[in-house]
Structures are given as C-alpha cells and as structure tokens.
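Worksheet: the structure to be examined is printed underneath.
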Amino acid sequence: MPHFILEYTDNLKEEGNIPELLAKVNACLMERGDLFPIGGIRSRAIELKDYRIADGKEDDAFVHGMLKIGMGRTKEEKQSVGYELFRIMKEHFAALYEKRYLALSFEIAEFTNGTYKQNNIHRRFK
C-alpha cells in the first residue's frame, strides 16, 4: 500500500496525459516515504467507456482518484497527503478544466479490515 486508482472518461484520453499524472502521483507518494513504503506504491488508471454525466447532452468528462491505504496514519497525515494529491490532479487538468466541462474528485479509502498481500519489491528499497 498505497494504491492510487484513477477513473477517467475516455473523452480525456487524447489530452489528459494520464501516464504523466500517474508519474506525478508516484513521485508525491515516494516523497512521503515516512508514511508509505516505496515498494508498496501502485498507481493505475481505468479508462471508462460506458458512462453518463448529468443530462448527457454535452461532452462532459470526469476524473475520480482514490488512494487506498492501510490503517495507521493520523487524520492530519491523511489530510496532508490527500490535499497534495488533489492539488496535483487539479494542476494537471487545469488547462482542460478551463476549456471543457470537467468534474474532478478524489477520496482516500482506509482499509479497516485485514488485508492479505505478498510483495518482494520492498527488498529493493531496504
């Protein structure tokens, strides 16, 4: 953990530069090595082809980001990283936001139940 999952409408594919956004997200999370082990960082994007926004009459678009994390961070730590990731999203899409209808959202989901995982990537960062 953490896992960053981005859902975006396919009408943003050409101009959205999603791989660059994922790189920015990973860089931000790696800077927070005090909160998140680098070997556990994952980011991925899901292009949505089937969706409907509002009345469906415009070429509306949306981007929703979610950071899934394990338990153990303070409220302040979660707020800090959440604010930073949403700032990155807003800056990344600022030009598109100015020229088209676009909704941006972000949430943090904290696992409250046990998680099951196996990851030998951590060894590279010890």
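By convention in this document, the chains of the structure tokens carry letters A, B, ... by their order, each chain's residues are numbered from 1, and ligands are numbered from 1 in the order they are shown.
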
Polymer residues at most 12 Å from Arg123 (chain A), only C-alpha atoms, same-chain spacing of 6 or more positions, as a ChimeraX atom specification: /A:37-40

Expected answer as number ranges by chain: helix (DSSP H, G or I) residues in chain A: A: 10-16, 18-31, 38-40, 75-92, 94-99, 121-125

Interatomic distance, CA of Leu96 (chain A) to CA of Glu77 (chain A) (Å, one decimal): 29.7 Å

Within 12 Å of region 3-12 of chain A, which residues of region 72-100 of chain A come that close, and what is the closest atom pair and distance in Å for each? Count only C-alpha atoms and give it as CSV.
```
residue,atom,partner,partner_atom,distance
A:Val81,CA,A:Phe4,CA,11.8
A:Gly82,CA,A:Phe4,CA,11.1
A:Leu85,CA,A:Phe4,CA,9.7
A:Phe86,CA,A:Leu6,CA,11.7
A:Met89,CA,A:Leu6,CA,10.1
A:Phe93,CA,A:Leu12,CA,9.9
A:Leu96,CA,A:Leu12,CA,8.8
A:Tyr97,CA,A:Leu12,CA,10.9
A:Arg100,CA,A:Leu12,CA,10.2
```

Contacts between region 44-58 of chain A and region 64-103 of chain A, please, where a residue of region 64-103 of chain A counts if it comes within 12 Å (with only C-alpha atoms); show its shortest atom pair and distance in Å to one decimal, rows by chain and ascending number, as CSV.
```
residue,atom,partner,partner_atom,distance
A:His64,CA,A:Ala45,CA,9.8
A:Gly65,CA,A:Ala45,CA,8.9
A:Met66,CA,A:Arg44,CA,10.2
A:Leu67,CA,A:Arg44,CA,10.6
A:Lys68,CA,A:Arg44,CA,11.8
A:Arg100,CA,A:Glu58,CA,9.7
A:Tyr101,CA,A:Glu58,CA,8.1
A:Leu102,CA,A:Ile53,CA,10.0
A:Ala103,CA,A:Ile53,CA,9.5
```

DSSP strand (DSSP E or B) residues within chain A, as a ChimeraX atom specification: /A:3-9,42-48,61-69,102-110

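For Gly72 (chain A), the set of protein, DNA and RNA residues having any atom at most 10 Å away, when counting only C-alpha atoms and skipping those fewer than 6 positions along the same chain, is Leu35, Lys78, Glu110, Phe111 and Thr112 of chain A.
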
Among listed residues A:Thr115, A:Lys90, A:Asp34, A:Leu29, nearest Val63 (chain A) (using only C-alpha atoms): A:Lys90

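The coordinates place CA of Glu91 (chain A) at 11.7 Å from CA of Gly16 (chain A).
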
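Minimum atom-to-atom distance to Lys75 (chain A), evaluated using only C-alpha atoms, belongs to A:Ile108 out of A:Ile108, A:Ala61, A:Met1, A:Ile41.
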
Near-Asn26 (chain A) list (8 Å; only C-alpha atoms; drop same-chain fewer than 3 positions) as an MDAnalysis selection string: chainID A and resid 22:23 29:30 41:43

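You will find CA of Glu84 (chain A) at 7.8 Å from CA of Cys28 (chain A).
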
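Nearest residue to Asp60 (chain A) among A:Lys24, A:Leu104, A:Glu31, A:Ile88 is A:Leu104, counting only C-alpha atoms.
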